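Reviewing the structure listed below.
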Amino acid sequence: MSYYTRKELDELHADIVSLAAKASSASNADDQRSIVSSIEHCLHNGYDRRRICEKLEKYMEPKYSSRLMDRLQERLDEYKRKNRKRAGDGNDMKSEPTSEAPKKSRFDMVTTSSNGSKVALPPPTNILITAPPVLSTMVPPASATATSSLNSNQIKLMMVNAQREIEERKKALSQMKGKDPLLASLQHPPTAPLINQSLAKVTSDTDEKAKKIAELQAQIRAKLSGSLGSLITPIVPAATTERPKPLILDEEGRTIDKSGRAINIPTVTPTLKANIRAKKREVFNKTQQHFEKTSQEDTLKFFDDRINLKPGSRNKRALRFHEPGKFQQMAERMRMKAQLERLQNEISQIARKTGISSATKLALIAPKQDTPDDVPSMEWWDSVILTNDLNTLGEEGNIKIRQSAITNLIEHPTQMKPPNEPLKPVYLPVFLTKKERKKLRRQNRREAWKEEQEKIRLGLTQAPEPKLRISNLMRVLGTEAVQDPTKIEAHVREQMAKRQKAHEDANNARKLTAEQKSEKKIRKIKEDTSCGVHISVYRIRDLQDNASKKFKVETNAKQLHMTGTVVLFRDCCVVVVEGGPKQQKKYRRLMLNRIKWEEDLVKGPDGQEVPNSCVLVWEGTSQRRHFGEIKFKVFPMEKMAREFFQKHQVEHYWDLSYSGAVLEASTDE
């Protein structure tokens with residue numbers, strides 16, 4: 001891939017944008033801009049097709065990038081063909097300068113001659129061009145040289161234009177020789193009166209030509225640029241050229257002109273780099289001071305005392321000394337704290353030995369009895385036989401009773417169905433022995449065979465084909481097998497394969513799907529808890545730091561489809577699980593046998609390490625479930641844990657577990 005200039009890339013920019021938009025229609029505008037910039041960068045650096053495709057694969061798929069490169073290559077080839085065609089047209093024009101006018105360039109200049117016709121001035125070249133000798137006016141040679149920015153085609157074109165201009169000048173000179181009386185007089189000297197007439201005519205012509213030359217000069221100055229104006233010397237007649245005025249020094253050494261006026265000549269004095277930098281620094285400091293002054297004025301103008309701003313400059317940190325006696329006070333405070341802890345430990349040990357601490361904790365755990373606010377004057381069963389109330393007395397001083405309410409009838413309470421009894425009667429299944437099961441299966445098959453034979457005898461179904469095997473081939477077929485044994489063997493094997501396929505299809509039809517298998521497995525694990533839920537409460541000394549045992553407790557409960565909760569508290573972690581009897585049996589074996597709790601050492605209430613333990617606190621049944629999916633709950637205070645159980649109406653689980661933990665801690669000490 002060739003290198004492309006910025007000018008060529010600007011011409012190709014619109015085509016590249018359209019190709020990128022077509023190739024990446026699913027991308028957004030930012031991706032399309034990235035694709036266009038990446039393509040232009042690669043073309044400018046001359047990357048080949050493979051590297052450009054690698055660049056484009058960041059923004060699109062490989063198949064789209066290769067398709068975009070194919071279209072881009074076609075567009076670049078078309079652009080190169082147009083450039084070659086344009087260059088070929090320019091060469092044809094140069095090869096035939098006489099038949100067709102050359103293409104104008106920006107170096108060609110058009111001026112107006114004395115007779116009103118337009119004359120094209122050649123571009124600046126290394127060839128010295130002289131004007132015709134009219135009134136001794138000579139054009140000095142041009143001191144311009146071809147610039148390095150001109151290429152070979154432009155230089156050739158300039159040479160052709162210069163040669164053509166020289167030829168035109170020669171033709172103009174030859175025509176002027178016949179028309180100009182001055183030149184004619186030089187060739188053929190006239191007489192005296194004719195000379196006087198010709199001289200007068202020449203002077204008038206020279207004035208007109210001088211005016212035209214001045215107009216021509218003004219037009220050239222207006223059309224020429226600064227660079228081209230320096231390459232061509234204006235044609236000025238000798239009579240109108242202004243020479244520089246002479247400079248004169250007066251007595252004081254000042255420069256004056258002819259009129260005596262002083263002339264100020266600018267002098268450029270060389271200076272050092274250091275002085276230039278110092279002057280620039282001074283100017284910068286002045287502008288910086290002005291900017292700071294204006295910024296301070298703005299801050300003062302818009303200042304809010306409520307906003308805390310950091311100071312602009314960082315203050316130096318000063319030395320800060322401690323007051324005398326500071327560390328002594330800290331040491332005294334630490335000693336007093338250590339002494340207080342030691343006294344508290346001694347008091348707690350004495351309380352544990354006497355049992356005061358455990359009794360206090362148990363008293364706090366025991367729930368308060370809810371006493372009724374008002375006691376009724378008499379119970380409902382007494383209101384049936386009493387006359388008024390207990391305060392109503394008879395003549396003998398006893399409570400007055402209505403004798404008519406007492407009869408020989410007995411009031412029985414309403415009989416209610418227990419909640420854990422099933423609605424439908426449950427019958428015990430009949431379990432047969434192996435011999436009985438075989439006999440029953442044999443009888444069933446015999447009955448089915450008799451029924452099938454009866455249908456064949458009545459003509460309801462066709463008789464089945466004989467069950468052929470390789471072993472009974474000769475016995476069943478006889479002579480048919482001898483006549484064509486190969487055909488008979490193929491028929492027998494086909495029948496065997498057919499029976500095998502029918503057997504496998506029947507097995508596949510009876511086979512359970514993956515969903516049915518999972519449902520069957522879950523149905524076997526789950527138990528019917530509509531008549532009652534079996535609940536177990538376990539107490540663990542510490543379960544917070546052992547991640548593996550926490551995982552086992554949670555995962556096994558979920559696998560057995562049990563509900564419950566795990567409450568984590570210091571020195572007392574409670575696990576409550578709800579499910580059926582079989583589920584409880586498996587989970588009990590996990591908690592009490594399979595998990596080795598004694599392997600872990602935990603800190604006891606006195607700070608010493610003791611082996612961990614798990615105890616079954618209580619197990620029983622409930623009418624319904626109190627918890628959902630098993631989850632871990634962490635509580636820093638005992639009151640919060642009890643409120644959690646109280647929220648689910650089973651606060652007695654926590655009371656049993658925590659009281660057992662307190663008694664166990666007191667017995668260990």
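Lettering and numbering for the structure tokens are positional, with chains as A, B, ... in the shown order, residues counted from 1 in each chain, and ligands counted from 1 in the shown order.
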
Check: Can you list, as a list in words, every protein, DNA or RNA residue that comes within 8 Å of A:Val492 when you count only C-alpha atoms, leaving out same-chain residues fewer than 5 positions away?
Finding: Leu468, Arg469, Ile470 and Leu473 of chain A

Next item on the list: Enumerate as a PyMOL selection string all residues of stretch 479-615 of chain A assigned to alpha helix (DSSP H) by DSSP on the backbone, naming them with the chain letters and numbers the document uses.
Entry: chain A and resi 479-483+485-510+514-525+547-559+581-589

Write the selection just made, keeping C-alpha atoms, as a PDB file, in the first residue's frame?
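Below you can see part03.pdb, which holds the result:
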```
ATOM      1  CA  THR A 479     -37.484 -78.812   5.195  1.00  0.00           C
ATOM      2  CA  GLU A 480     -37.823 -75.089   4.531  1.00  0.00           C
ATOM      3  CA  ALA A 481     -34.553 -74.479   6.327  1.00  0.00           C
ATOM      4  CA  VAL A 482     -32.798 -77.102   4.211  1.00  0.00           C
ATOM      5  CA  GLN A 483     -33.968 -75.660   0.881  1.00  0.00           C
ATOM      6  CA  PRO A 485     -30.582 -71.943   4.626  1.00  0.00           C
ATOM      7  CA  THR A 486     -29.074 -68.454   3.946  1.00  0.00           C
ATOM      8  CA  LYS A 487     -32.469 -66.839   3.395  1.00  0.00           C
ATOM      9  CA  ILE A 488     -33.976 -68.572   6.428  1.00  0.00           C
ATOM     10  CA  GLU A 489     -31.063 -67.495   8.635  1.00  0.00           C
ATOM     11  CA  ALA A 490     -31.455 -63.858   7.522  1.00  0.00           C
ATOM     12  CA  HIS A 491     -35.183 -64.056   8.254  1.00  0.00           C
ATOM     13  CA  VAL A 492     -34.532 -65.486  11.723  1.00  0.00           C
ATOM     14  CA  ARG A 493     -31.937 -62.823  12.559  1.00  0.00           C
ATOM     15  CA  GLU A 494     -34.300 -60.077  11.364  1.00  0.00           C
ATOM     16  CA  GLN A 495     -37.046 -61.451  13.619  1.00  0.00           C
ATOM     17  CA  MET A 496     -34.626 -61.579  16.560  1.00  0.00           C
ATOM     18  CA  ALA A 497     -33.588 -57.954  15.958  1.00  0.00           C
ATOM     19  CA  LYS A 498     -37.231 -56.926  15.743  1.00  0.00           C
ATOM     20  CA  ARG A 499     -38.027 -58.565  19.104  1.00  0.00           C
ATOM     21  CA  GLN A 500     -34.974 -56.901  20.665  1.00  0.00           C
ATOM     22  CA  LYS A 501     -36.031 -53.488  19.365  1.00  0.00           C
ATOM     23  CA  ALA A 502     -39.601 -53.968  20.633  1.00  0.00           C
ATOM     24  CA  HIS A 503     -38.219 -54.889  24.065  1.00  0.00           C
ATOM     25  CA  GLU A 504     -35.969 -51.775  24.192  1.00  0.00           C
ATOM     26  CA  ASP A 505     -38.808 -49.519  23.028  1.00  0.00           C
ATOM     27  CA  ALA A 506     -41.039 -50.853  25.796  1.00  0.00           C
ATOM     28  CA  ASN A 507     -38.291 -50.191  28.366  1.00  0.00           C
ATOM     29  CA  ASN A 508     -37.761 -46.665  27.043  1.00  0.00           C
ATOM     30  CA  ALA A 509     -41.494 -45.994  27.189  1.00  0.00           C
ATOM     31  CA  ARG A 510     -41.571 -47.007  30.847  1.00  0.00           C
ATOM     32  CA  ALA A 514     -35.121 -36.305  34.152  1.00  0.00           C
ATOM     33  CA  GLU A 515     -37.858 -34.129  35.663  1.00  0.00           C
ATOM     34  CA  GLN A 516     -39.840 -37.193  36.755  1.00  0.00           C
ATOM     35  CA  LYS A 517     -36.713 -38.696  38.338  1.00  0.00           C
ATOM     36  CA  SER A 518     -36.014 -35.502  40.308  1.00  0.00           C
ATOM     37  CA  GLU A 519     -39.668 -35.314  41.408  1.00  0.00           C
ATOM     38  CA  LYS A 520     -39.580 -38.954  42.516  1.00  0.00           C
ATOM     39  CA  LYS A 521     -36.374 -38.334  44.482  1.00  0.00           C
ATOM     40  CA  ILE A 522     -37.824 -35.255  46.169  1.00  0.00           C
ATOM     41  CA  ARG A 523     -41.061 -37.131  46.904  1.00  0.00           C
ATOM     42  CA  LYS A 524     -39.110 -39.916  48.590  1.00  0.00           C
ATOM     43  CA  ILE A 525     -37.147 -37.415  50.712  1.00  0.00           C
ATOM     44  CA  ALA A 547     -17.001 -22.408  58.092  1.00  0.00           C
ATOM     45  CA  SER A 548     -16.908 -26.096  57.088  1.00  0.00           C
ATOM     46  CA  LYS A 549     -19.283 -27.197  59.860  1.00  0.00           C
ATOM     47  CA  LYS A 550     -21.628 -24.265  59.121  1.00  0.00           C
ATOM     48  CA  PHE A 551     -21.735 -25.444  55.510  1.00  0.00           C
ATOM     49  CA  LYS A 552     -22.588 -29.017  56.561  1.00  0.00           C
ATOM     50  CA  VAL A 553     -25.372 -27.850  58.895  1.00  0.00           C
ATOM     51  CA  GLU A 554     -26.990 -25.653  56.241  1.00  0.00           C
ATOM     52  CA  THR A 555     -26.473 -27.883  53.176  1.00  0.00           C
ATOM     53  CA  ASN A 556     -27.791 -31.085  54.782  1.00  0.00           C
ATOM     54  CA  ALA A 557     -30.931 -29.273  55.953  1.00  0.00           C
ATOM     55  CA  LYS A 558     -31.559 -27.990  52.422  1.00  0.00           C
ATOM     56  CA  GLN A 559     -30.885 -31.397  50.848  1.00  0.00           C
ATOM     57  CA  PRO A 581     -39.618 -38.334  61.317  1.00  0.00           C
ATOM     58  CA  LYS A 582     -37.288 -39.834  58.693  1.00  0.00           C
ATOM     59  CA  GLN A 583     -35.745 -36.465  57.973  1.00  0.00           C
ATOM     60  CA  GLN A 584     -35.194 -35.845  61.685  1.00  0.00           C
ATOM     61  CA  LYS A 585     -33.558 -39.257  62.053  1.00  0.00           C
ATOM     62  CA  LYS A 586     -31.016 -38.528  59.307  1.00  0.00           C
ATOM     63  CA  TYR A 587     -30.316 -34.994  60.550  1.00  0.00           C
ATOM     64  CA  ARG A 588     -29.929 -36.213  64.169  1.00  0.00           C
ATOM     65  CA  ARG A 589     -27.298 -38.708  63.021  1.00  0.00           C
TER      66      ARG A 589
END
```
